[in-house]
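*Asks:* Input structure_38.tsv, format and content: TSV, C-alpha atoms and all ligand atoms.
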```tsv
chain	number	residue	atom	x	y	z
T	272	MET	CA	11.00	-27.11	-14.28
T	273	VAL	CA	8.25	-29.65	-14.73
T	274	ASP	CA	5.83	-29.34	-11.83
T	275	GLY	CA	2.57	-30.18	-13.54
T	276	LEU	CA	1.08	-26.71	-13.74
T	277	GLU	CA	2.28	-26.32	-17.32
T	278	PHE	CA	-0.16	-29.06	-18.42
T	279	PHE	CA	-3.10	-26.73	-17.73
T	280	SER	CA	-3.93	-24.56	-20.76
T	281	ASP	CA	-5.59	-21.17	-20.75
T	282	ASP	CA	-7.98	-22.09	-23.55
T	283	TYR	CA	-9.19	-24.93	-25.74
T	284	SER	CA	-7.02	-23.93	-28.65
T	285	HIS	CA	-3.77	-24.24	-26.71
T	286	ALA	CA	-4.97	-27.45	-25.06
T	287	ARG	CA	-5.67	-28.96	-28.48
T	288	THR	CA	-2.37	-27.85	-30.04
T	289	GLY	CA	-0.44	-29.11	-27.01
T	290	PHE	CA	-2.23	-32.45	-27.07
T	291	LEU	CA	-1.69	-32.96	-30.80
T	292	SER	CA	2.00	-32.13	-30.71
T	293	LEU	CA	2.61	-34.48	-27.78
T	294	ALA	CA	0.64	-37.21	-29.56
T	295	GLU	CA	2.82	-36.72	-32.62
T	296	ARG	CA	5.96	-36.98	-30.51
T	297	ARG	CA	4.68	-40.34	-29.24
T	298	ALA	CA	4.07	-41.48	-32.83
T	299	ALA	CA	0.36	-41.82	-32.10
T	300	THR	CA	-2.14	-42.32	-34.89
T	301	VAL	CA	-4.48	-39.35	-34.63
T	302	THR	CA	-8.05	-39.29	-35.91
T	303	SER	CA	-9.99	-36.04	-35.65
T	304	TYR	CA	-13.76	-35.62	-35.69
T	305	PRO	CA	-14.46	-31.94	-36.41
T	306	ILE	CA	-17.83	-30.41	-35.54
T	307	SER	CA	-19.42	-27.54	-37.49
T	308	PRO	CA	-19.47	-24.74	-34.86
T	309	ARG	CA	-16.21	-22.78	-34.50
T	310	GLY	CA	-14.32	-21.55	-31.45
T	311	PRO	CA	-14.35	-17.95	-30.15
T	312	ALA	CA	-11.49	-16.97	-32.48
T	313	GLY	CA	-12.98	-18.83	-35.45
T	314	GLU	CA	-10.80	-21.88	-34.87
T	315	GLU	CA	-11.78	-25.43	-35.77
T	316	LEU	CA	-13.34	-27.52	-33.01
T	317	ALA	CA	-12.83	-31.28	-33.00
T	318	ILE	CA	-12.70	-34.41	-30.94
T	319	ASP	CA	-9.14	-35.72	-31.36
T	320	VAL	CA	-8.34	-39.37	-30.79
T	321	ALA	CA	-4.71	-40.39	-30.27
T	322	TRP	CA	-4.06	-44.10	-30.60
T	323	ILE	CA	-0.80	-45.39	-29.13
T	324	GLY	CA	0.56	-48.90	-29.35
T	325	SER	CA	-0.81	-52.00	-31.05
T	326	ARG	CA	-3.15	-51.40	-34.00
T	327	GLU	CA	-4.76	-54.75	-33.36
T	328	PRO	CA	-4.77	-54.94	-29.59
T	329	ARG	CA	-6.57	-57.51	-27.49
T	330	ARG	CA	-7.20	-54.93	-24.81
T	331	ALA	CA	-7.32	-51.14	-24.53
T	332	LEU	CA	-7.15	-48.35	-21.98
T	333	VAL	CA	-9.19	-45.32	-22.99
T	334	VAL	CA	-8.79	-41.97	-21.22
T	335	SER	CA	-11.28	-39.32	-22.33
T	336	SER	CA	-11.65	-35.64	-21.47
T	337	GLY	CA	-14.09	-32.80	-21.82
T	338	ILE	CA	-17.46	-34.51	-22.33
T	339	HIS	CA	-18.50	-31.63	-20.08
T	340	GLY	CA	-16.69	-28.91	-22.05
T	341	VAL	CA	-15.13	-26.67	-19.40
T	342	GLU	CA	-14.21	-29.73	-17.31
T	343	GLY	CA	-11.75	-30.47	-20.13
T	344	PHE	CA	-9.14	-28.09	-18.71
T	345	TYR	CA	-8.42	-30.73	-16.08
T	346	GLY	CA	-8.94	-33.77	-18.32
T	347	SER	CA	-6.70	-32.39	-21.03
T	348	ALA	CA	-3.99	-31.65	-18.43
T	349	VAL	CA	-4.12	-35.27	-17.23
T	350	GLN	CA	-3.81	-36.48	-20.83
T	351	ARG	CA	-0.87	-34.17	-21.52
T	352	GLN	CA	0.86	-35.27	-18.34
T	353	LEU	CA	0.36	-38.86	-19.48
T	354	LEU	CA	1.84	-38.16	-22.92
T	355	THR	CA	4.73	-36.10	-21.57
T	356	SER	CA	6.05	-38.24	-18.74
T	357	GLN	CA	3.70	-40.84	-17.28
T	358	LEU	CA	3.71	-43.00	-20.40
T	359	ASP	CA	7.41	-43.81	-19.87
T	360	VAL	CA	6.70	-45.48	-16.55
T	361	LEU	CA	3.24	-46.90	-17.25
T	362	ALA	CA	4.48	-50.32	-18.44
T	363	LEU	CA	1.38	-51.22	-20.44
T	364	PRO	CA	1.64	-54.79	-21.81
T	365	CYS	CA	2.14	-54.81	-25.58
T	366	ASP	CA	-1.31	-56.20	-26.33
T	367	VAL	CA	-2.90	-53.12	-24.71
T	368	ALA	CA	-3.50	-50.01	-26.82
T	369	LEU	CA	-3.72	-46.61	-25.15
T	370	VAL	CA	-6.46	-44.46	-26.64
T	371	LEU	CA	-6.76	-40.81	-25.63
T	372	VAL	CA	-9.97	-39.04	-26.57
T	373	HIS	CA	-9.47	-35.28	-26.28
T	374	ALA	CA	-12.45	-32.90	-25.83
T	375	ILE	CA	-15.58	-34.97	-26.43
T	376	ASN	CA	-17.41	-31.63	-26.19
T	377	PRO	CA	-15.01	-29.24	-27.93
T	378	TYR	CA	-17.65	-26.49	-28.19
T	379	GLY	CA	-18.15	-26.35	-24.42
T	380	PHE	CA	-14.40	-26.49	-23.83
T	381	ALA	CA	-13.74	-23.61	-26.24
T	382	HIS	CA	-16.68	-21.44	-25.18
T	383	LEU	CA	-16.46	-22.24	-21.45
T	384	ARG	CA	-19.70	-24.15	-21.12
T	385	ARG	CA	-20.43	-27.51	-19.54
T	386	VAL	CA	-23.01	-28.25	-22.25
T	387	ASN	CA	-22.51	-28.45	-26.00
T	388	GLU	CA	-23.58	-26.21	-28.89
T	389	SER	CA	-27.23	-27.29	-28.43
T	390	ASN	CA	-27.32	-26.67	-24.65
T	391	VAL	CA	-27.13	-30.45	-24.23
T	392	ASP	CA	-25.39	-32.18	-21.37
T	393	LEU	CA	-23.67	-34.90	-23.41
T	394	ASN	CA	-23.38	-37.14	-20.38
T	395	ARG	CA	-27.22	-37.33	-20.40
T	396	ASN	CA	-27.53	-37.81	-24.18
T	397	PHE	CA	-26.80	-41.56	-24.40
T	398	VAL	CA	-30.45	-42.67	-24.26
T	399	ASP	CA	-32.84	-43.84	-26.96
T	400	HIS	CA	-34.31	-40.81	-28.71
T	401	PRO	CA	-37.16	-40.27	-28.06
T	402	GLY	CA	-38.03	-43.59	-26.39
T	403	GLY	CA	-35.73	-42.99	-23.41
T	404	HIS	CA	-36.97	-39.47	-22.64
T	405	VAL	CA	-38.21	-40.16	-19.13
T	406	ARG	CA	-40.38	-37.33	-17.85
T	407	ALA	CA	-39.10	-35.41	-14.86
T	408	PRO	CA	-42.11	-33.74	-13.21
T	409	GLU	CA	-40.17	-32.84	-10.07
T	410	TYR	CA	-37.61	-30.95	-12.19
T	411	THR	CA	-40.42	-29.23	-14.07
T	412	ALA	CA	-41.93	-28.09	-10.76
T	413	LEU	CA	-38.62	-26.39	-9.89
T	414	TYR	CA	-38.00	-25.02	-13.40
T	415	ASP	CA	-38.25	-21.30	-12.56
T	416	LEU	CA	-35.98	-21.65	-9.54
T	417	LEU	CA	-33.37	-23.56	-11.51
T	418	ASN	CA	-33.55	-21.50	-14.68
T	419	PRO	CA	-34.30	-17.87	-13.82
T	420	THR	CA	-34.84	-15.37	-16.64
T	421	ASP	CA	-33.25	-12.51	-14.68
T	422	MET	CA	-30.39	-12.09	-12.22
T	423	ASP	CA	-32.14	-9.41	-10.17
T	424	PRO	CA	-30.37	-9.65	-6.78
T	425	GLU	CA	-33.52	-9.50	-4.66
T	426	ALA	CA	-35.43	-12.03	-6.75
T	427	GLU	CA	-32.37	-14.25	-6.81
T	428	GLN	CA	-32.01	-14.14	-3.05
T	429	ALA	CA	-35.62	-15.31	-2.70
T	430	ARG	CA	-35.22	-18.10	-5.29
T	431	ILE	CA	-32.00	-19.40	-3.78
T	432	ALA	CA	-33.51	-19.29	-0.28
T	433	ARG	CA	-36.43	-21.35	-1.62
T	434	LEU	CA	-34.00	-23.93	-3.08
T	435	PHE	CA	-32.18	-24.15	0.26
T	436	ALA	CA	-35.51	-24.67	2.02
T	437	ILE	CA	-36.37	-27.50	-0.39
T	438	ALA	CA	-32.94	-29.07	0.18
T	439	GLU	CA	-33.60	-28.88	3.90
T	440	GLU	CA	-37.04	-30.48	3.51
T	441	GLN	CA	-36.16	-33.26	1.08
T	442	GLY	CA	-32.47	-33.73	1.77
T	443	PHE	CA	-29.62	-32.48	-0.39
T	444	GLU	CA	-29.17	-35.82	-2.16
T	445	ARG	CA	-32.81	-36.03	-3.20
T	446	LEU	CA	-32.65	-32.49	-4.61
T	447	GLN	CA	-29.38	-33.30	-6.40
T	448	GLN	CA	-31.09	-36.31	-7.99
T	449	VAL	CA	-34.07	-34.24	-9.16
T	450	VAL	CA	-31.91	-31.39	-10.51
T	451	THR	CA	-29.02	-33.30	-12.07
T	452	GLY	CA	-30.42	-36.73	-13.01
T	453	GLY	CA	-31.15	-35.47	-16.54
T	454	GLN	CA	-34.26	-34.02	-18.21
T	455	TYR	CA	-35.50	-34.15	-21.82
T	456	GLU	CA	-38.37	-31.64	-21.79
T	457	HIS	CA	-36.75	-28.24	-21.33
T	458	PRO	CA	-34.15	-27.40	-24.01
T	459	ALA	CA	-33.23	-24.09	-22.35
T	460	GLY	CA	-32.90	-25.59	-18.89
T	461	ILE	CA	-29.86	-26.89	-17.05
T	462	GLN	CA	-29.12	-30.64	-17.25
T	463	PHE	CA	-30.93	-31.00	-20.58
T	464	GLY	CA	-30.17	-34.38	-22.13
T	465	GLY	CA	-31.17	-33.43	-25.67
T	466	GLN	CA	-33.91	-34.48	-28.04
T	467	ARG	CA	-31.78	-36.34	-30.54
T	468	GLN	CA	-28.41	-38.04	-30.73
T	469	GLU	CA	-25.82	-35.24	-30.67
T	470	THR	CA	-22.81	-35.25	-33.03
T	471	SER	CA	-20.33	-36.00	-30.23
T	472	ASN	CA	-22.46	-38.96	-29.14
T	473	ALA	CA	-22.49	-40.30	-32.72
T	474	ASN	CA	-18.70	-39.80	-32.99
T	475	VAL	CA	-18.00	-41.67	-29.77
T	476	ARG	CA	-20.23	-44.51	-30.91
T	477	SER	CA	-18.51	-44.73	-34.26
T	478	LEU	CA	-15.10	-44.78	-32.55
T	479	CYS	CA	-16.35	-47.73	-30.47
T	480	ARG	CA	-17.71	-49.63	-33.46
T	481	ALA	CA	-14.80	-48.96	-35.80
T	482	HIS	CA	-11.89	-49.51	-33.41
T	483	LEU	CA	-12.87	-51.08	-30.11
T	484	GLY	CA	-15.30	-53.83	-31.10
T	485	GLY	CA	-12.66	-56.54	-31.51
T	486	LEU	CA	-11.21	-56.26	-28.01
T	487	SER	CA	-11.60	-58.74	-25.23
T	488	GLU	CA	-11.28	-56.12	-22.51
T	489	LEU	CA	-11.63	-52.36	-22.30
T	490	VAL	CA	-10.97	-50.09	-19.33
T	491	TRP	CA	-12.17	-46.50	-19.81
T	492	LEU	CA	-11.60	-43.48	-17.58
T	493	ASP	CA	-13.82	-40.54	-18.47
T	494	LEU	CA	-12.40	-37.49	-16.67
T	495	HIS	CA	-14.68	-35.01	-14.91
T	496	THR	CA	-14.47	-32.25	-12.31
T	497	GLY	CA	-16.90	-30.45	-10.03
T	498	LEU	CA	-18.29	-33.06	-7.62
T	499	GLY	CA	-16.95	-34.45	-4.37
T	500	ALA	CA	-14.26	-33.35	-1.94
T	501	PRO	CA	-11.65	-30.99	-3.43
T	502	ALA	CA	-8.84	-32.73	-5.34
T	503	THR	CA	-10.05	-36.23	-4.46
T	504	LEU	CA	-11.17	-38.67	-7.14
T	505	GLN	CA	-14.04	-41.14	-7.26
T	506	ALA	CA	-14.23	-43.79	-10.01
T	507	ILE	CA	-17.98	-43.73	-10.44
T	508	MET	CA	-19.65	-46.69	-12.15
T	509	ALA	CA	-23.11	-46.66	-13.73
T	510	CYS	CA	-23.79	-50.32	-12.88
T	511	PRO	CA	-25.61	-51.61	-9.77
T	512	HIS	CA	-23.62	-52.23	-6.62
T	513	ASP	CA	-23.72	-56.05	-7.02
T	514	ALA	CA	-22.93	-56.23	-10.77
T	515	PRO	CA	-19.78	-58.08	-11.90
T	516	GLU	CA	-18.54	-54.81	-13.43
T	517	MET	CA	-18.50	-53.36	-9.94
T	518	ASP	CA	-16.26	-56.19	-8.71
T	519	ARG	CA	-13.90	-55.52	-11.60
T	520	ALA	CA	-13.87	-51.80	-10.83
T	521	ARG	CA	-13.06	-52.47	-7.18
T	522	ALA	CA	-10.24	-54.80	-8.22
T	523	ILE	CA	-8.77	-52.00	-10.35
T	524	TRP	CA	-9.45	-48.88	-8.28
T	525	GLY	CA	-10.07	-50.21	-4.77
T	526	ASP	CA	-12.20	-48.00	-2.54
T	527	ARG	CA	-12.30	-45.28	-5.16
T	528	ALA	CA	-14.76	-47.41	-7.16
T	529	VAL	CA	-18.35	-46.54	-6.25
T	530	SER	CA	-21.74	-47.01	-7.87
T	531	MET	CA	-23.96	-44.06	-8.84
T	532	ARG	CA	-26.92	-46.39	-8.47
T	533	VAL	CA	-26.54	-46.56	-4.69
T	534	PRO	CA	-27.92	-43.37	-3.09
T	535	GLY	CA	-25.27	-41.56	-1.10
T	536	GLN	CA	-22.36	-43.68	-2.30
T	537	SER	CA	-21.02	-41.51	-5.11
T	538	ALA	CA	-20.63	-37.76	-5.51
T	539	SER	CA	-22.84	-38.03	-8.59
T	540	ALA	CA	-26.58	-38.58	-8.83
T	541	ASP	CA	-27.92	-41.62	-10.68
T	542	LEU	CA	-27.66	-40.25	-14.23
T	543	ARG	CA	-29.88	-40.94	-17.20
T	544	GLY	CA	-28.10	-41.20	-20.54
T	545	ALA	CA	-24.51	-41.31	-19.25
T	546	LEU	CA	-21.64	-42.19	-21.63
T	547	ALA	CA	-21.26	-45.57	-19.92
T	548	TYR	CA	-24.67	-46.63	-21.27
T	549	GLY	CA	-23.77	-45.70	-24.84
T	550	VAL	CA	-20.44	-47.52	-24.71
T	551	ALA	CA	-22.13	-50.56	-23.14
T	552	GLU	CA	-24.76	-50.55	-25.90
T	553	GLU	CA	-22.09	-50.53	-28.60
T	554	LEU	CA	-19.66	-52.97	-27.01
T	555	ALA	CA	-20.74	-54.79	-23.87
T	556	HIS	CA	-22.25	-57.75	-25.70
T	557	ARG	CA	-18.77	-58.78	-26.83
T	558	VAL	CA	-16.19	-56.74	-24.88
T	559	GLU	CA	-15.64	-56.77	-21.11
T	560	VAL	CA	-16.05	-53.05	-20.40
T	561	SER	CA	-15.14	-51.23	-17.18
T	562	LEU	CA	-15.99	-47.56	-17.68
T	563	ALA	CA	-15.61	-45.20	-14.75
T	564	LEU	CA	-16.54	-41.58	-14.59
T	565	ALA	CA	-13.41	-40.27	-12.87
T	566	GLU	CA	-14.79	-37.34	-10.89
T	567	VAL	CA	-12.52	-34.88	-9.08
T	568	GLY	CA	-14.01	-32.42	-6.59
T	569	THR	CA	-13.35	-28.67	-6.86
T	570	HIS	CA	-15.39	-26.27	-4.73
T	571	ASP	CA	-18.45	-26.77	-2.57
T	572	PRO	CA	-21.48	-28.06	-4.48
T	573	VAL	CA	-23.59	-24.94	-3.98
T	574	ARG	CA	-20.92	-22.76	-5.54
T	575	VAL	CA	-20.54	-25.14	-8.48
T	576	PHE	CA	-24.32	-25.32	-8.98
T	577	LEU	CA	-24.76	-21.53	-8.87
T	578	ALA	CA	-21.95	-21.08	-11.39
T	579	LEU	CA	-23.69	-23.47	-13.80
T	580	ARG	CA	-27.05	-21.88	-13.27
T	581	ALA	CA	-25.66	-18.38	-13.94
T	582	ASP	CA	-23.96	-19.61	-17.11
T	583	ASN	CA	-27.25	-21.04	-18.35
T	584	TRP	CA	-28.93	-17.68	-17.67
T	585	LEU	CA	-26.12	-15.89	-19.53
T	586	HIS	CA	-26.54	-17.94	-22.70
T	587	HIS	CA	-30.31	-17.61	-22.81
T	588	HIS	CA	-30.95	-14.16	-21.38
T	589	GLY	CA	-27.66	-12.28	-21.02
T	590	GLU	CA	-24.71	-11.15	-23.10
T	591	VAL	CA	-21.54	-13.23	-23.01
T	592	ASP	CA	-19.42	-10.33	-24.25
T	593	SER	CA	-20.13	-7.97	-21.37
T	594	GLU	CA	-18.65	-7.33	-17.94
T	595	PRO	CA	-21.16	-9.53	-16.07
T	596	GLY	CA	-20.79	-12.12	-18.85
T	597	ARG	CA	-17.03	-12.28	-18.40
T	598	ALA	CA	-17.41	-12.52	-14.62
T	599	ILE	CA	-19.81	-15.46	-15.00
T	600	LYS	CA	-17.36	-17.20	-17.36
T	601	ALA	CA	-14.45	-16.66	-14.97
T	602	GLU	CA	-16.48	-18.11	-12.10
T	603	LEU	CA	-17.56	-21.10	-14.20
T	604	LYS	CA	-13.95	-21.86	-15.06
T	605	GLU	CA	-12.93	-21.53	-11.41
T	606	ALA	CA	-15.81	-23.83	-10.39
T	607	PHE	CA	-14.56	-26.62	-12.69
T	608	CYS	CA	-10.83	-25.91	-12.81
T	609	PRO	CA	-9.66	-24.03	-9.72
T	610	ALA	CA	-6.66	-21.76	-10.24
T	611	ASP	CA	-5.13	-22.87	-6.94
T	612	ALA	CA	-1.74	-24.50	-7.59
T	613	GLY	CA	-2.22	-27.02	-4.77
T	614	TRP	CA	-5.55	-28.18	-6.22
T	615	ARG	CA	-4.01	-28.52	-9.67
T	616	ARG	CA	-0.99	-30.54	-8.54
T	617	THR	CA	-2.96	-32.89	-6.28
T	618	SER	CA	-5.67	-33.40	-8.90
T	619	LEU	CA	-3.08	-34.24	-11.55
T	620	ALA	CA	-1.51	-36.74	-9.14
T	621	VAL	CA	-4.80	-38.53	-8.45
T	622	GLY	CA	-5.57	-38.57	-12.18
T	623	ALA	CA	-2.20	-40.22	-12.84
T	624	GLU	CA	-2.84	-42.67	-10.04
T	625	VAL	CA	-6.10	-44.10	-11.43
T	626	ILE	CA	-4.46	-44.43	-14.86
T	627	ALA	CA	-1.54	-46.28	-13.24
T	628	GLN	CA	-4.02	-48.55	-11.42
T	629	ALA	CA	-5.65	-49.44	-14.74
T	630	ALA	CA	-2.24	-50.19	-16.28
T	631	ALA	CA	-1.31	-52.35	-13.27
T	632	HIS	CA	-4.56	-54.28	-13.72
T	633	PHE	CA	-3.64	-55.06	-17.34
T	634	ALA	CA	-0.11	-56.09	-16.35
T	635	ALA	CA	-1.44	-58.39	-13.61
T	636	HIS	CA	-3.71	-60.17	-16.11
T	637	ASP	CA	-1.08	-60.53	-18.80
T	638	ASP	CA	-1.38	-64.03	-20.22
O	701	ZN	ZN	-18.69	-33.78	-15.59
```
Is it possible to express this structure as structure tokens?
*Replies:*
Amino acid sequence: MVDGLEFFSDDYSHARTGFLSLAERRAATVTSYPISPRGPAGEELAIDVAWIGSREPRRALVVSSGIHGVEGFYGSAVQRQLLTSQLDVLALPCDVALVLVHAINPYGFAHLRRVNESNVDLNRNFVDHPGGHVRAPEYTALYDLLNPTDMDPEAEQARIARLFAIAEEQGFERLQQVVTGGQYEHPAGIQFGGQRQETSNANVRSLCRAHLGGLSELVWLDLHTGLGAPATLQAIMACPHDAPEMDRARAIWGDRAVSMRVPGQSASADLRGALAYGVAEELAHRVEVSLALAEVGTHDPVRVFLALRADNWLHHHGEVDSEPGRAIKAELKEAFCPADAGWRRTSLAVGAEVIAQAAAHFAAHDD
């Protein structure tokens, strides 16, 4: 019986194989961009791009997964659901190509990390290097609380209590902005945006230049998990509230479309170096681009944050292949892809819905 749960894989390797075989069944043209690190079983890691429909389209719908590694379990499931069944009812006009980008951060997907092989949050890496490396003194001031070198329970209790006190003082949103906005000074810290253009960043840019530059319109859903109310989806835009892109996003996704630039409006902070900025740099001067970070909530934000923080400790100070290491990995996966069947079904449904909304937008402007 098809109930959606089968689209969720247990690991990157199965997600990739499943995606590629479905793409082949749909007669997609597949281009793979391998990276040099390998997976836990020595397997190849790659960004896979499946291109369906017109080779010379006027417009395109891009759906991408796994820029945040472990968040790819959900994104890949949405893509596989799309290839298996949703595509038959999507009714994309024939001048619209469907482009599925699987596992933008294959290392993080395979090794259960949100960051890539260089501890870089790829969704903070799309800045000028080094010109765009804005200093983050408030992050630096919190460095030891955010990036402990031990997991001693007593010391941890004190550090976490201190973080709660700061959240109380400054407001949760302000602290979220300081912690997650992106930093370029601390390579071993959480939310590190990198010191150079990472391979996945370069690959995404070359995909844009080689294949998407001739379009008149591009709608892009970049799938994420971990922020917001459980199993609900926000289409988060990186443009200001009053930009024309925001009007387009509202026309496509209705109330789901929100701007990260307006404090308190989106589940995300205002991010430096997000994918949207890189895609805009490559394409926005000639293509009408509407790129939304499609963010689906999982657990409460403190749990998600502590899972990330523990994983960062593990990779810098602990041992992945140990009992505590495996527990931290299991918690990280739960934080970004809950095992609960209800969460999985509802989250797949909302993922399908925003894809259907994008397709309906193309059909409505078919001329
Ligand atoms: Zn994410």
*Asks:* Taking only C-alpha atoms and all ligand atoms into account, which residues are within 12 Å of ligand ZN 701 (chain O), as a PyMOL selection string?
*Replies:* chain T and resi 335-346+375-376+379-380+384-386+392-395+451+462+493-499+507+538-540+542+545-546+563-569+575+579+606-608
*Asks:* Each residue of region 342-431 of chain T lying at most 9 Å from region 320-332 of chain T should get a row with its shortest atom-to-atom pair and the distance in Å to one decimal, counting all atoms listed in the file; could you produce that, ordered by chain and increasing number, as a tab-separated table?
*Replies:*
```
residue	atom	partner	partner_atom	distance
T:Cys365	CA	T:Ser325	CA	6.8
T:Asp366	CA	T:Pro328	CA	4.9
T:Val367	CA	T:Arg330	CA	4.7
T:Ala368	CA	T:Ala331	CA	4.6
T:Leu369	CA	T:Leu332	CA	5.0
T:Val370	CA	T:Trp322	CA	4.6
T:Leu371	CA	T:Ala321	CA	5.1
T:Val372	CA	T:Val320	CA	4.5
T:His373	CA	T:Val320	CA	6.2
```
*Asks:* Store the residues picked out above, limited to C-alpha atoms, as a short mmCIF file (atom, residue, chain, number, x, y, z; two decimals), keeping the file's coordinate frame.
*Replies:*
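Contents of the output file out-v1.cif:
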```cif
data_model
loop_
_atom_site.label_atom_id
_atom_site.label_comp_id
_atom_site.auth_asym_id
_atom_site.auth_seq_id
_atom_site.Cartn_x
_atom_site.Cartn_y
_atom_site.Cartn_z
CA CYS T 365 2.14 -54.81 -25.58
CA ASP T 366 -1.31 -56.20 -26.33
CA VAL T 367 -2.90 -53.12 -24.71
CA ALA T 368 -3.50 -50.01 -26.82
CA LEU T 369 -3.72 -46.61 -25.15
CA VAL T 370 -6.46 -44.46 -26.64
CA LEU T 371 -6.76 -40.81 -25.63
CA VAL T 372 -9.97 -39.04 -26.57
CA HIS T 373 -9.47 -35.28 -26.28
#
```
*Asks:* Go through T:Ala374, T:Ala610, T:Ala598, T:Gln468 one by one, measure the shortest atom-to-atom distance of each to His404 (chain T) using all atoms listed in the file, and give the residue with the smallest value.
*Replies:*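 Looking at the shortest contact to His404 (chain T), the residue is T:Gln468.
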*Asks:* Which residues, protein or nucleic acid, reach to within 8 Å of (-15.2, -25.3, -29.3) in the file's coordinates when using only C-alpha atoms, and can you give that as a PyMOL selection string?
*Replies:* chain T and resi 283+308-311+314-317+376-382
*Asks:* Find the distance between CA of Leu577 (chain T) and CA of Asp541 (chain T) and write it in Å to one decimal.
*Replies:* 20.4 Å
*Asks:* With the cut-off set at 12 Å and counting only C-alpha atoms, tabulate each residue of region 521-543 of chain T with an atom at most that distance from an atom of region 621-638 of chain T, showing the nearest atom pair and its distance in Å to one decimal, ordered by chain and increasing number, as a tab-separated table.
*Replies:*
```
residue	atom	partner	partner_atom	distance
T:Arg521	CA	T:Gln628	CA	10.7
T:Ala522	CA	T:His632	CA	7.9
T:Ile523	CA	T:His632	CA	5.9
T:Trp524	CA	T:Gln628	CA	6.3
T:Gly525	CA	T:Gln628	CA	9.1
T:Asp526	CA	T:Val625	CA	11.5
T:Arg527	CA	T:Val625	CA	8.9
T:Ala528	CA	T:Val625	CA	10.2
```
*Asks:* Between CA of Gln441 (chain T) and CA of Thr503 (chain T), measure the distance and give it in Å to one decimal.
*Replies:* 26.9 Å
*Asks:* From the options T:Pro511, T:Gly613, T:Gly465, T:Pro458, which residue's atoms come nearest to Leu276 (chain T), counting only C-alpha atoms?
*Replies:*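 The answer is T:Gly613, which sits nearest to Leu276 (chain T).
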*Asks:* Which value, in Å to one decimal, gives the distance between CA of Arg467 (chain T) and CA of Pro401 (chain T)?
*Replies:* 7.1 Å
*Asks:* Name the residues in contact with Arg543 (chain T) at a cut-off of 10 Å, using all atoms listed in the file, excluding same-chain residues fewer than 6 positions from it; report them as a PDB file with C-alpha atoms, in the frame of the given file.
*Replies:*
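Below is the file out.pdb, written as the result:
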```pdb
ATOM      1  CA  ASN T 394     -23.380 -37.140 -20.380  1.00  0.00           C
ATOM      2  CA  ARG T 395     -27.220 -37.330 -20.400  1.00  0.00           C
ATOM      3  CA  ASN T 396     -27.530 -37.810 -24.180  1.00  0.00           C
ATOM      4  CA  PHE T 397     -26.800 -41.560 -24.400  1.00  0.00           C
ATOM      5  CA  VAL T 398     -30.450 -42.670 -24.260  1.00  0.00           C
ATOM      6  CA  GLY T 403     -35.730 -42.990 -23.410  1.00  0.00           C
ATOM      7  CA  HIS T 404     -36.970 -39.470 -22.640  1.00  0.00           C
ATOM      8  CA  VAL T 405     -38.210 -40.160 -19.130  1.00  0.00           C
ATOM      9  CA  THR T 451     -29.020 -33.300 -12.070  1.00  0.00           C
ATOM     10  CA  GLY T 452     -30.420 -36.730 -13.010  1.00  0.00           C
ATOM     11  CA  GLY T 453     -31.150 -35.470 -16.540  1.00  0.00           C
ATOM     12  CA  GLN T 454     -34.260 -34.020 -18.210  1.00  0.00           C
ATOM     13  CA  TYR T 455     -35.500 -34.150 -21.820  1.00  0.00           C
ATOM     14  CA  GLY T 464     -30.170 -34.380 -22.130  1.00  0.00           C
ATOM     15  CA  ALA T 509     -23.110 -46.660 -13.730  1.00  0.00           C
TER      16      ALA T 509
END
```
*Asks:* Would you please work out which residue, of T:Ser280, T:His457, T:Pro305, T:Glu516, is nearest to Val349 (chain T) when using all atoms listed in the file?
*Replies:* T:Ser280
*Asks:* For Gln357 (chain T), which residue out of T:Ala601, T:Gly275, T:Leu434, T:Gln536 is the nearest one, using all atoms listed in the file?
*Replies:*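 Looking at the shortest contact to Gln357 (chain T), the residue is T:Gly275.
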*Asks:* Would you please work out which residue, of T:Ala459, T:Val334, T:Ala500, T:Ala294, is nearest to Trp614 (chain T) when using all atoms listed in the file?
*Replies:*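 Of the candidates, the smallest distance to Trp614 (chain T) is held by T:Ala500.
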*Asks:* Restricting the calculation to only C-alpha atoms: of T:Pro424, T:Gly313, T:Gly484, T:Pro408, which residue gets closest to Glu559 (chain T)?
*Replies:*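 Using only C-alpha atoms, the shortest distance to Glu559 (chain T) belongs to T:Gly484.
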